[in-house]
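Dropping target_26.cif in here (mmCIF, C-alpha atoms):
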```cif
data_my_file
#
loop_
_atom_site.group_PDB
_atom_site.id
_atom_site.type_symbol
_atom_site.label_atom_id
_atom_site.label_comp_id
_atom_site.auth_asym_id
_atom_site.auth_seq_id
_atom_site.Cartn_x
_atom_site.Cartn_y
_atom_site.Cartn_z
ATOM 1 C CA MET M 1258 -13.932 24.006 67.085
ATOM 2 C CA ALA M 1259 -12.884 27.550 67.961
ATOM 3 C CA ALA M 1260 -15.434 29.590 69.898
ATOM 4 C CA ASN M 1261 -16.173 31.880 66.976
ATOM 5 C CA ASP M 1262 -16.242 29.177 64.290
ATOM 6 C CA PRO M 1263 -19.802 27.855 64.034
ATOM 7 C CA ASP M 1264 -20.218 24.119 63.545
ATOM 8 C CA THR M 1265 -23.006 23.780 61.012
ATOM 9 C CA THR M 1266 -22.428 20.168 60.000
ATOM 10 C CA PRO M 1267 -25.849 18.494 59.911
ATOM 11 C CA GLU M 1268 -26.328 15.114 61.543
ATOM 12 C CA THR M 1269 -28.786 12.768 59.811
ATOM 13 C CA GLU M 1270 -30.629 9.817 61.310
ATOM 14 C CA ALA M 1271 -32.916 7.650 59.145
ATOM 15 C CA ASP M 1272 -35.339 4.872 60.025
ATOM 16 C CA SER M 1273 -36.872 3.375 56.928
ATOM 17 C CA SER M 1274 -38.120 0.211 55.356
ATOM 18 C CA SER M 1275 -38.971 -0.339 51.711
ATOM 19 C CA ASP M 1276 -42.594 -1.339 52.357
ATOM 20 C CA GLY M 1277 -43.713 0.741 55.325
ATOM 21 C CA PRO M 1278 -43.436 3.970 57.260
ATOM 22 C CA SER M 1279 -40.115 5.780 57.285
ATOM 23 C CA ALA M 1280 -38.679 8.749 59.158
ATOM 24 C CA VAL M 1281 -35.670 10.969 58.516
ATOM 25 C CA THR M 1282 -34.298 13.398 61.114
ATOM 26 C CA VAL M 1283 -31.669 16.039 60.324
ATOM 27 C CA THR M 1284 -30.107 18.018 63.177
ATOM 28 C CA SER M 1285 -27.824 21.007 62.732
ATOM 29 C CA MET M 1286 -26.199 23.301 65.268
ATOM 30 C CA ALA M 1287 -24.460 26.666 65.027
ATOM 31 C CA GLY M 1288 -22.793 28.830 67.642
ATOM 32 C CA ALA M 1289 -21.180 32.244 67.514
ATOM 33 C CA ASP M 1290 -18.967 34.409 69.715
ATOM 34 C CA ILE M 1291 -20.529 37.822 69.114
ATOM 35 C CA ASP M 1292 -18.401 39.929 71.501
ATOM 36 C CA GLY M 1293 -15.028 38.236 70.856
ATOM 37 C CA ASP M 1294 -14.442 37.078 74.451
ATOM 38 C CA GLY M 1295 -13.861 33.441 73.457
ATOM 39 C CA THR M 1296 -17.218 32.106 74.706
ATOM 40 C CA ILE M 1297 -20.279 31.226 72.653
ATOM 41 C CA ASP M 1298 -22.891 33.979 72.994
ATOM 42 C CA VAL M 1299 -25.553 32.683 70.606
ATOM 43 C CA VAL M 1300 -26.416 29.074 69.848
ATOM 44 C CA SER M 1301 -29.043 27.677 67.487
ATOM 45 C CA VAL M 1302 -30.085 24.046 67.089
ATOM 46 C CA THR M 1303 -32.519 22.997 64.356
ATOM 47 C CA GLU M 1304 -34.029 19.553 63.982
ATOM 48 C CA THR M 1305 -36.133 18.589 60.964
ATOM 49 C CA THR M 1306 -38.066 15.327 60.943
ATOM 50 C CA THR M 1307 -40.007 13.999 57.953
ATOM 51 C CA VAL M 1308 -42.273 10.980 58.291
ATOM 52 C CA ASP M 1309 -43.667 8.980 55.367
ATOM 53 C CA VAL M 1310 -46.537 7.143 57.089
ATOM 54 C CA ASP M 1311 -47.975 5.343 54.059
ATOM 55 C CA GLY M 1312 -44.665 4.436 52.366
ATOM 56 C CA ASP M 1313 -45.377 6.276 49.105
ATOM 57 C CA GLY M 1314 -42.170 8.330 49.223
ATOM 58 C CA VAL M 1315 -43.972 11.608 50.022
ATOM 59 C CA PRO M 1316 -43.635 13.011 53.568
ATOM 60 C CA ASP M 1317 -46.974 12.983 55.404
ATOM 61 C CA ILE M 1318 -45.699 14.815 58.501
ATOM 62 C CA VAL M 1319 -42.889 17.376 58.613
ATOM 63 C CA THR M 1320 -41.762 18.867 61.924
ATOM 64 C CA VAL M 1321 -39.084 21.555 62.278
ATOM 65 C CA THR M 1322 -37.931 22.519 65.772
ATOM 66 C CA THR M 1323 -35.505 25.387 66.341
ATOM 67 C CA ILE M 1324 -34.033 26.248 69.727
ATOM 68 C CA GLU M 1325 -32.080 29.493 70.077
ATOM 69 C CA GLY M 1326 -30.203 30.567 73.184
ATOM 70 C CA ILE M 1327 -28.553 33.908 73.887
ATOM 71 C CA ASP M 1328 -26.067 34.587 76.710
ATOM 72 C CA LEU M 1329 -26.354 38.324 77.353
ATOM 73 C CA ASP M 1330 -24.145 38.647 80.437
ATOM 74 C CA GLY M 1331 -21.255 36.352 79.416
ATOM 75 C CA ASP M 1332 -21.647 33.823 82.234
ATOM 76 C CA GLY M 1333 -22.008 30.888 79.836
ATOM 77 C CA VAL M 1334 -25.696 30.342 80.672
ATOM 78 C CA PRO M 1335 -28.457 31.353 78.211
ATOM 79 C CA ASP M 1336 -30.420 34.349 79.458
ATOM 80 C CA ILE M 1337 -33.049 34.175 76.710
ATOM 81 C CA VAL M 1338 -34.280 31.009 74.996
ATOM 82 C CA ARG M 1339 -36.736 30.820 72.110
ATOM 83 C CA VAL M 1340 -38.223 27.544 70.882
ATOM 84 C CA ILE M 1341 -40.159 27.399 67.620
ATOM 85 C CA GLU M 1342 -41.858 24.210 66.466
ATOM 86 C CA THR M 1343 -43.593 24.008 63.089
ATOM 87 C CA THR M 1344 -45.578 20.959 62.020
ATOM 88 C CA ALA M 1345 -47.269 20.323 58.671
ATOM 89 C CA VAL M 1346 -49.541 17.307 58.211
ATOM 90 C CA ASP M 1347 -50.764 15.977 54.850
ATOM 91 C CA LEU M 1348 -53.882 13.935 55.703
ATOM 92 C CA ASP M 1349 -55.030 13.033 52.192
ATOM 93 C CA GLY M 1350 -51.635 12.182 50.626
ATOM 94 C CA ASP M 1351 -51.703 14.847 47.905
ATOM 95 C CA GLY M 1352 -48.408 16.417 49.023
ATOM 96 C CA VAL M 1353 -50.115 19.595 50.304
ATOM 97 C CA PRO M 1354 -50.388 20.191 54.067
ATOM 98 C CA ASP M 1355 -53.951 20.047 55.417
ATOM 99 C CA ILE M 1356 -52.977 21.181 58.921
ATOM 100 C CA VAL M 1357 -50.146 23.548 59.803
ATOM 101 C CA GLY M 1358 -49.210 24.398 63.363
ATOM 102 C CA VAL M 1359 -46.579 26.749 64.780
ATOM 103 C CA THR M 1360 -45.739 27.105 68.462
ATOM 104 C CA GLU M 1361 -43.282 29.705 69.731
ATOM 105 C CA THR M 1362 -42.193 29.758 73.362
ATOM 106 C CA LEU M 1363 -40.053 32.526 74.845
ATOM 107 C CA ALA M 1364 -38.267 32.070 78.173
ATOM 108 C CA ALA M 1365 -35.873 34.363 80.010
ATOM 109 C CA ASP M 1366 -33.785 34.450 83.184
ATOM 110 C CA LEU M 1367 -35.747 37.286 84.782
ATOM 111 C CA GLU M 1368 -34.071 37.176 88.198
ATOM 112 C CA GLY M 1369 -30.501 36.518 87.037
ATOM 113 C CA ASP M 1370 -30.402 33.265 89.006
ATOM 114 C CA GLY M 1371 -29.842 30.935 86.041
ATOM 115 C CA THR M 1372 -33.460 29.695 86.062
ATOM 116 C CA LEU M 1373 -35.442 30.263 82.881
ATOM 117 C CA THR M 1374 -39.049 31.403 83.202
ATOM 118 C CA ILE M 1375 -41.568 31.018 80.382
ATOM 119 C CA ILE M 1376 -42.849 34.519 79.676
ATOM 120 C CA GLU M 1377 -44.891 34.000 76.497
ATOM 121 C CA GLN M 1378 -46.201 31.201 74.316
ATOM 122 C CA THR M 1379 -47.944 31.663 70.961
ATOM 123 C CA GLU M 1380 -49.687 28.914 69.016
ATOM 124 C CA VAL M 1381 -50.935 29.311 65.445
ATOM 125 C CA THR M 1382 -52.946 26.573 63.758
ATOM 126 C CA GLY M 1383 -54.203 26.629 60.181
ATOM 127 C CA VAL M 1384 -56.523 24.059 58.613
ATOM 128 C CA ASP M 1385 -57.441 23.415 54.950
ATOM 129 C CA ILE M 1386 -61.047 22.327 55.482
ATOM 130 C CA ASP M 1387 -62.141 21.868 51.855
ATOM 131 C CA GLY M 1388 -58.918 20.263 50.549
ATOM 132 C CA ASP M 1389 -58.156 22.911 47.914
ATOM 133 C CA GLY M 1390 -54.608 23.561 49.202
ATOM 134 C CA THR M 1391 -55.513 26.884 50.832
ATOM 135 C CA ILE M 1392 -55.669 27.321 54.599
ATOM 136 C CA ASP M 1393 -59.331 28.130 55.396
ATOM 137 C CA GLU M 1394 -59.278 28.585 59.174
ATOM 138 C CA ILE M 1395 -56.547 30.098 61.351
ATOM 139 C CA GLU M 1396 -56.522 30.147 65.136
ATOM 140 C CA VAL M 1397 -53.977 32.169 67.115
ATOM 141 C CA THR M 1398 -53.567 31.767 70.871
ATOM 142 C CA THR M 1399 -51.070 33.829 72.857
ATOM 143 C CA THR M 1400 -50.482 33.220 76.543
ATOM 144 C CA THR M 1401 -48.440 35.745 78.492
ATOM 145 C CA PHE M 1402 -47.170 34.748 81.928
ATOM 146 C CA GLU M 1403 -46.771 37.563 84.433
ATOM 147 C CA GLY M 1404 -45.816 37.781 88.096
ATOM 148 C CA ASP M 1405 -47.004 34.724 90.029
ATOM 149 C CA GLU M 1406 -47.961 32.899 86.796
ATOM 150 C CA ALA M 1407 -44.377 33.206 85.520
ATOM 151 C CA ASP M 1408 -43.044 31.963 88.853
ATOM 152 C CA ALA M 1409 -45.460 29.013 88.698
ATOM 153 C CA SER M 1410 -44.148 28.071 85.236
ATOM 154 C CA ASP M 1411 -40.699 27.652 86.845
ATOM 155 C CA ALA M 1412 -42.103 25.144 89.311
ATOM 156 C CA GLU M 1413 -43.900 23.240 86.548
ATOM 157 C CA GLY M 1414 -40.665 22.627 84.645
ATOM 158 C CA GLY M 1415 -41.119 25.447 82.141
#
```

Show me this structure written as structure tokens.
Amino acid sequence: MAANDPDTTPETEADSSSDGPSAVTVTSMAGADIDGDGTIDVVSVTETTTVDVDGDGVPDIVTVTTIEGIDLDGDGVPDIVRVIETTAVDLDGDGVPDIVGVTETLAADLEGDGTLTIIEQTEVTGVDIDGDGTIDEIEVTTTTFEGDEADASDAEGG
């Protein structure tokens, strides 16, 4: 694959049985050379997993995770990374999500040393309490890491 030719061929992995739970995972990746220097500047990996817990052929849990990395200074190491995970759960089997959650995490190489530091994380959760297909309650939590907190997130593996 040439550096400026994105590879978007999805890879599929399935685990299923005719009378029980089944899961399907599809992973796709794309990369692009934005500045024409022959190295990948932007990369995106998306993984979608559907799980049919009760074996009725309708997904009960769907999770989509996207990881994006951007190399701003051309050293081949991502300087900014964003991870977004979205999960929808159908508790009552009607094909409509009862709980939806989205988590976005943003990390950056703040010191230019190749170590990513988590600088912000946002979580959004919506719940359909009465089962009418409409999200009734939404909770949004944003955590911003600054100074010593951001340095501590490095040490904790984040």

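Residues with any atom within 7 Å of Val1302 of chain M, counting all atoms listed in the file and excluding same-chain neighbours fewer than 3 positions away, are Ser1285, Met1286, Ala1287, Thr1323, Ile1324 and Glu1325 of chain M.
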
Find the residue from M:Val1283, M:Ile1386, M:Ile1376, M:Val1310 that sits nearest to Thr1401 of chain M; use all atoms listed in the file when measuring.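 Ranking M:Val1283, M:Ile1386, M:Ile1376, M:Val1310 by distance to Thr1401 of chain M, first place goes to M:Ile1376.
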
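With all atoms listed in the file as the basis for measurement, M:Thr1382 is the residue among M:Thr1382, M:Gly1371, M:Gly1314, M:Asp1355 that approaches Glu1342 of chain M most closely.
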
Run the PyMOL selection byres ((chain M and resi 1390) around 12) against the file shown and list the residues it catches, as a list in words.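 For this structure, the PyMOL selection byres ((chain M and resi 1390) around 12) captures Asp1347, Leu1348, Asp1349, Gly1350, Asp1351, Gly1352, Val1353, Pro1354, Asp1355, Ile1356, Val1357, Gly1383, Val1384, Asp1385, Ile1386, Asp1387, Gly1388, Asp1389, Thr1391, Ile1392 and Asp1393 of chain M.
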
Interatomic distance between atom CA of Asp1294 of chain M and atom CA of Asp1366 of chain M?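 Distance between the two atoms: 21.4 Å.
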
One decimal, in Å: what's the spacing between atom CA of Ala1364 of chain M and atom CA of Glu1377 of chain M?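 Atom CA of Glu1377 of chain M lies 7.1 Å from atom CA of Ala1364 of chain M.
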
Which is closer to Gly1369 of chain M than all the others in M:Val1308, M:Ala1280, M:Leu1329, M:Val1315, using all atoms listed in the file?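 Answer, going by the shortest atom-to-atom distance: M:Leu1329.
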
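Closest approach to Asp1336 of chain M among M:Thr1320, M:Thr1306, M:Ser1301, M:Thr1372: M:Thr1372, based on only C-alpha atoms.
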
Quick one: residues within 8 Å of Val1319 of chain M, all atoms listed in the file, excluding same-chain residues fewer than 6 positions away - as a PyMOL selection string? chain M and resi 1305-1308+1344-1346

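Among M:Ile1291, M:Val1397, M:Leu1363, M:Ile1297, the residue with the shortest atom-to-atom distance to Asp1332 of chain M, counting only C-alpha atoms, is M:Ile1297.
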
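A straight line drawn from atom CA of Gly1331 of chain M to atom CA of Asp1290 of chain M is 10.2 Å long.
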
For Pro1278 of chain M, which of M:Val1334, M:Ile1327, M:Val1299, M:Ile1318 is the closest residue, counting only C-alpha atoms? M:Ile1318

Kindly add all heavy atoms to the incomplete segment 1392-1403 of chain M and provide the output as a PDB file, keeping the file's coordinate frame.
```pdb
ATOM      1  N   ILE M1392     -55.258  27.355  53.199  1.00  0.00           N
ATOM      2  CA  ILE M1392     -55.669  27.321  54.599  1.00  0.00           C
ATOM      3  C   ILE M1392     -56.960  28.129  54.749  1.00  0.00           C
ATOM      4  O   ILE M1392     -57.019  29.300  54.371  1.00  0.00           O
ATOM      5  CB  ILE M1392     -54.564  27.885  55.518  1.00  0.00           C
ATOM      6  CG1 ILE M1392     -53.294  27.036  55.414  1.00  0.00           C
ATOM      7  CG2 ILE M1392     -55.040  27.990  56.959  1.00  0.00           C
ATOM      8  CD1 ILE M1392     -53.440  25.608  55.893  1.00  0.00           C
ATOM      9  N   ASP M1393     -58.018  27.494  55.269  1.00  0.00           N
ATOM     10  CA  ASP M1393     -59.331  28.130  55.396  1.00  0.00           C
ATOM     11  C   ASP M1393     -59.569  28.737  56.775  1.00  0.00           C
ATOM     12  O   ASP M1393     -60.266  29.741  56.891  1.00  0.00           O
ATOM     13  CB  ASP M1393     -60.440  27.106  55.113  1.00  0.00           C
ATOM     14  CG  ASP M1393     -60.323  26.536  53.710  1.00  0.00           C
ATOM     15  OD1 ASP M1393     -60.315  27.318  52.750  1.00  0.00           O
ATOM     16  OD2 ASP M1393     -60.224  25.299  53.580  1.00  0.00           O
ATOM     17  N   GLU M1394     -59.062  28.115  57.805  1.00  0.00           N
ATOM     18  CA  GLU M1394     -59.278  28.585  59.174  1.00  0.00           C
ATOM     19  C   GLU M1394     -57.936  28.741  59.872  1.00  0.00           C
ATOM     20  O   GLU M1394     -57.071  27.872  59.765  1.00  0.00           O
ATOM     21  CB  GLU M1394     -60.111  27.568  59.958  1.00  0.00           C
ATOM     22  CG  GLU M1394     -61.443  27.268  59.354  1.00  0.00           C
ATOM     23  CD  GLU M1394     -62.575  27.830  60.165  1.00  0.00           C
ATOM     24  OE1 GLU M1394     -62.360  28.211  61.320  1.00  0.00           O
ATOM     25  OE2 GLU M1394     -63.695  27.879  59.631  1.00  0.00           O
ATOM     26  N   ILE M1395     -57.764  29.856  60.582  1.00  0.00           N
ATOM     27  CA  ILE M1395     -56.547  30.098  61.351  1.00  0.00           C
ATOM     28  C   ILE M1395     -56.947  30.466  62.762  1.00  0.00           C
ATOM     29  O   ILE M1395     -57.837  31.290  62.976  1.00  0.00           O
ATOM     30  CB  ILE M1395     -55.695  31.233  60.748  1.00  0.00           C
ATOM     31  CG1 ILE M1395     -55.199  30.838  59.350  1.00  0.00           C
ATOM     32  CG2 ILE M1395     -54.526  31.578  61.656  1.00  0.00           C
ATOM     33  CD1 ILE M1395     -54.440  31.924  58.634  1.00  0.00           C
ATOM     34  N   GLU M1396     -56.298  29.829  63.730  1.00  0.00           N
ATOM     35  CA  GLU M1396     -56.522  30.147  65.136  1.00  0.00           C
ATOM     36  C   GLU M1396     -55.182  30.551  65.750  1.00  0.00           C
ATOM     37  O   GLU M1396     -54.184  29.863  65.580  1.00  0.00           O
ATOM     38  CB  GLU M1396     -57.077  28.935  65.879  1.00  0.00           C
ATOM     39  CG  GLU M1396     -57.331  29.204  67.340  1.00  0.00           C
ATOM     40  CD  GLU M1396     -57.896  27.990  68.060  1.00  0.00           C
ATOM     41  OE1 GLU M1396     -58.517  27.126  67.420  1.00  0.00           O
ATOM     42  OE2 GLU M1396     -57.684  27.902  69.283  1.00  0.00           O
ATOM     43  N   VAL M1397     -55.182  31.682  66.458  1.00  0.00           N
ATOM     44  CA  VAL M1397     -53.977  32.169  67.115  1.00  0.00           C
ATOM     45  C   VAL M1397     -54.278  32.298  68.599  1.00  0.00           C
ATOM     46  O   VAL M1397     -55.258  32.924  68.987  1.00  0.00           O
ATOM     47  CB  VAL M1397     -53.531  33.544  66.562  1.00  0.00           C
ATOM     48  CG1 VAL M1397     -52.299  34.046  67.305  1.00  0.00           C
ATOM     49  CG2 VAL M1397     -53.289  33.469  65.067  1.00  0.00           C
ATOM     50  N   THR M1398     -53.429  31.680  69.417  1.00  0.00           N
ATOM     51  CA  THR M1398     -53.567  31.767  70.871  1.00  0.00           C
ATOM     52  C   THR M1398     -52.237  32.230  71.441  1.00  0.00           C
ATOM     53  O   THR M1398     -51.204  31.619  71.180  1.00  0.00           O
ATOM     54  CB  THR M1398     -53.921  30.388  71.477  1.00  0.00           C
ATOM     55  OG1 THR M1398     -55.078  29.881  70.837  1.00  0.00           O
ATOM     56  CG2 THR M1398     -54.151  30.489  72.971  1.00  0.00           C
ATOM     57  N   THR M1399     -52.269  33.327  72.191  1.00  0.00           N
ATOM     58  CA  THR M1399     -51.070  33.829  72.857  1.00  0.00           C
ATOM     59  C   THR M1399     -51.322  33.843  74.354  1.00  0.00           C
ATOM     60  O   THR M1399     -52.330  34.369  74.815  1.00  0.00           O
ATOM     61  CB  THR M1399     -50.712  35.248  72.381  1.00  0.00           C
ATOM     62  OG1 THR M1399     -50.461  35.200  70.977  1.00  0.00           O
ATOM     63  CG2 THR M1399     -49.470  35.767  73.091  1.00  0.00           C
ATOM     64  N   THR M1400     -50.410  33.234  75.088  1.00  0.00           N
ATOM     65  CA  THR M1400     -50.482  33.220  76.543  1.00  0.00           C
ATOM     66  C   THR M1400     -49.271  33.962  77.070  1.00  0.00           C
ATOM     67  O   THR M1400     -48.138  33.642  76.723  1.00  0.00           O
ATOM     68  CB  THR M1400     -50.482  31.774  77.088  1.00  0.00           C
ATOM     69  OG1 THR M1400     -51.544  31.055  76.461  1.00  0.00           O
ATOM     70  CG2 THR M1400     -50.651  31.756  78.592  1.00  0.00           C
ATOM     71  N   THR M1401     -49.516  34.985  77.879  1.00  0.00           N
ATOM     72  CA  THR M1401     -48.440  35.745  78.492  1.00  0.00           C
ATOM     73  C   THR M1401     -48.449  35.444  79.983  1.00  0.00           C
ATOM     74  O   THR M1401     -49.493  35.516  80.629  1.00  0.00           O
ATOM     75  CB  THR M1401     -48.637  37.260  78.264  1.00  0.00           C
ATOM     76  OG1 THR M1401     -48.697  37.491  76.859  1.00  0.00           O
ATOM     77  CG2 THR M1401     -47.491  38.052  78.860  1.00  0.00           C
ATOM     78  N   PHE M1402     -47.298  35.066  80.508  1.00  0.00           N
ATOM     79  CA  PHE M1402     -47.170  34.748  81.928  1.00  0.00           C
ATOM     80  C   PHE M1402     -46.579  35.957  82.636  1.00  0.00           C
ATOM     81  O   PHE M1402     -45.559  36.479  82.222  1.00  0.00           O
ATOM     82  CB  PHE M1402     -46.259  33.533  82.117  1.00  0.00           C
ATOM     83  CG  PHE M1402     -46.779  32.301  81.432  1.00  0.00           C
ATOM     84  CD1 PHE M1402     -46.382  31.990  80.142  1.00  0.00           C
ATOM     85  CD2 PHE M1402     -47.675  31.460  82.067  1.00  0.00           C
ATOM     86  CE1 PHE M1402     -46.860  30.862  79.495  1.00  0.00           C
ATOM     87  CE2 PHE M1402     -48.159  30.322  81.438  1.00  0.00           C
ATOM     88  CZ  PHE M1402     -47.751  30.023  80.150  1.00  0.00           C
ATOM     89  N   GLU M1403     -47.243  36.397  83.682  1.00  0.00           N
ATOM     90  CA  GLU M1403     -46.771  37.563  84.433  1.00  0.00           C
ATOM     91  C   GLU M1403     -46.756  37.251  85.915  1.00  0.00           C
ATOM     92  O   GLU M1403     -47.571  36.485  86.408  1.00  0.00           O
ATOM     93  CB  GLU M1403     -47.682  38.761  84.184  1.00  0.00           C
ATOM     94  CG  GLU M1403     -47.693  39.202  82.740  1.00  0.00           C
ATOM     95  CD  GLU M1403     -48.650  40.348  82.494  1.00  0.00           C
ATOM     96  OE1 GLU M1403     -49.118  40.972  83.464  1.00  0.00           O
ATOM     97  OE2 GLU M1403     -48.937  40.603  81.334  1.00  0.00           O
TER      98      GLU M1403
END
```
